[in-house]
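S.K.: Please find one structure pasted underneath; my questions will follow.
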Amino acid sequence: MLEEHGYSVAESGVAPVDGAAVAALLVEHYQCVIVAADPDCAQTSALLTHHASAPVILIAAHPDVRQAVAAIKAGACEYLATPCPETELVAAVERCIAERAHRDRVADSASAYPIVGSSPSMQELFARIARIGPTDSTVIIRGESGTGKELIARAIHAASRRAHAPMISLNCASIPPRLIETELFGYSAPGAHPERNRTGLLEAANGGTLFLDEIGELEPEGQARLLRVLQAGELRRFGDSATFRIDVRLITSTHRDLARLVANGQFREDLYYRLNVVALEVPPLRERGDDILLVADFILQRASARIGREACQFGADARQAMLRYHWPGNIRELENAIERAVILCDRSTISADMLAIDSSRTTLRDPGATPPDQTSLEDYFVSFVLANQDQLTETELADKLGISRKSLWERRQRLNIPRKRTRQRAPRRDEG
């Protein structure tokens, strides 16, 4: 029956076909395994323990609900009853083959976007990614800047059935407000040359995933248009009267408290509920315990390979320094510190001073002691700057925060944080 539909079939000469017999068949070479279900549920469960490398279809001459439930829980891909209609069997095989192709694709994609961590908070995060990935639900990822929210979004996309389609990312804080709507929704100039038309990112991500980083920075007009797309599943370019259907999964992220923005009238409540279907919290690096060392080792290997340096390792003092430091810039700051150390390292061991982090300062405010009502990175930024600007220069403040001096100045302007006078500059050598 299967051969008539173009499948190549190999039959086992072993009877009965138990778990050991299936293992001996090297099932990894097959896209699907079809086995007659044994009346003994224990035997069926033993068989399924060997199916990991290929999906299994069980066919039961005497269907049993208890056996079917146990088989599905044990990992069977399909459970069919005989006599099995030809169309039903072929459809089951096609589903199994498609499932295996999806699983292989997810594995390949996940290896391209590795997330390192063994702490309980990260294990829970991995479990939630595995559960929500195959769905089309809208996801919002919350966490401080530099914690790897885009990496989490890519892992969700890789675990979805859209993994074969593109995932497009946009940082809403990086595009001027007057341009972001054109960037998202596209532009059409009727009667003009087609090259003047612009495809928006929502349209470009059709069939795939759109990741909007820092969604809290989206202006009210953009919020209203995005809500319309989510509600109707339709898109209309600027300058065009025609609408067309799109199918996009939306993943957003923010370091701001959107609920507070809603209460302050800075974010649409109806859009907030549309985005907040599933929420993921990414813990800051300082709350991940020994994960800091796991992440550091991974970054070290990658940085050494990229720079073309021989593999080196962290000294004991460097490891202790990384564990003591509070990492206000999270993984992004850790990456910068390690890359700098790899460049400066002229031996096989990286010492604490090469990381250029000061884990011994007790006068700096510990982010772990942040009051409960400080729920956003902006709150932390304000408190950190106000607490330490009297004793640090602007360059030192920016370095501790893991950002540039330009970013520090821009945030001061946006958050209206007055700048204190920095330390008196020493006179030049040619003066007086």
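In the structure tokens, chains take letters A, B, ... by order of appearance, with residues numbered from 1 within each chain and ligands from 1 in the order shown.
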Fewer than 2 positions away in the same chain doesn't count, so skip those; otherwise give me all residues within 9 Å of Phe211 (chain A), counting only C-alpha atoms, as a list of chain:residue names.

M.R.: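 The residues satisfying every condition are A:Glu150, A:Ala153, A:Arg154, A:Met167, A:Ile168, A:Ser169, A:Leu170, A:Asn171, A:Thr209, A:Asp213, A:Arg249, A:Leu250, A:Ile251, A:Thr252, A:Ser253.
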
S.K.: Can you write out the residues you just picked, keeping C-alpha atoms, as a CSV table (one decimal), in the first residue's frame?

M.R.:
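part_8.csv written:
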chain,number,residue,atom,x,y,z
A,150,GLU,CA,16.3,38.6,21.1
A,153,ALA,CA,12.8,35.3,20.6
A,154,ARG,CA,14.9,33.4,18.0
A,167,MET,CA,12.2,36.0,11.5
A,168,ILE,CA,12.6,39.8,11.2
A,169,SER,CA,13.7,42.0,14.1
A,170,LEU,CA,13.2,45.7,14.7
A,171,ASN,CA,14.3,47.7,17.7
A,209,THR,CA,7.8,35.9,12.9
A,213,ASP,CA,12.3,44.9,20.6
A,249,ARG,CA,3.5,35.7,14.6
A,250,LEU,CA,4.4,38.7,16.8
A,251,ILE,CA,7.0,38.5,19.6
A,252,THR,CA,7.8,41.6,21.5
A,253,SER,CA,10.2,42.6,24.3

S.K.: Residues at most 8 Å from Gly148 (chain A), counting only C-alpha atoms, excluding those fewer than 4 positions away in the same chain, as a list in words?

M.R.: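 Returned residues: Ile152, Val282 and Ile331 of chain A.
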
S.K.: At a cut-off of 9 Å, using only C-alpha atoms, what residues contact Pro418 (chain A)? Leave out same-chain residues fewer than 3 positions from it and give the result as number ranges by chain.

M.R.: A: 386, 412-413

S.K.: Name the residues of region 153-266 of chain A that come out as alpha helix (DSSP H) in a backbone DSSP run; write them as a VMD selection string.

M.R.: chain A and resid 153 to 158 177 to 185 201 to 204 220 to 232 258 to 263

S.K.: With only C-alpha atoms counted and 9 Å as the cut-off, give the residues of region 259-334 of chain A in contact with region 134-141 of chain A, each with its shortest interatomic distance in Å and the pair that gives it, as CSV.

M.R.:
residue,atom,partner,partner_atom,distance
A:Arg274,CA,A:Thr138,CA,7.5
A:Leu275,CA,A:Thr138,CA,5.8
A:Asn276,CA,A:Ile140,CA,5.9
A:Val277,CA,A:Thr138,CA,5.8
A:Val278,CA,A:Val139,CA,4.8
A:Ala279,CA,A:Ile140,CA,4.9
A:Leu280,CA,A:Ile141,CA,4.8
A:Glu281,CA,A:Ile141,CA,6.0
A:Val282,CA,A:Ile141,CA,7.1
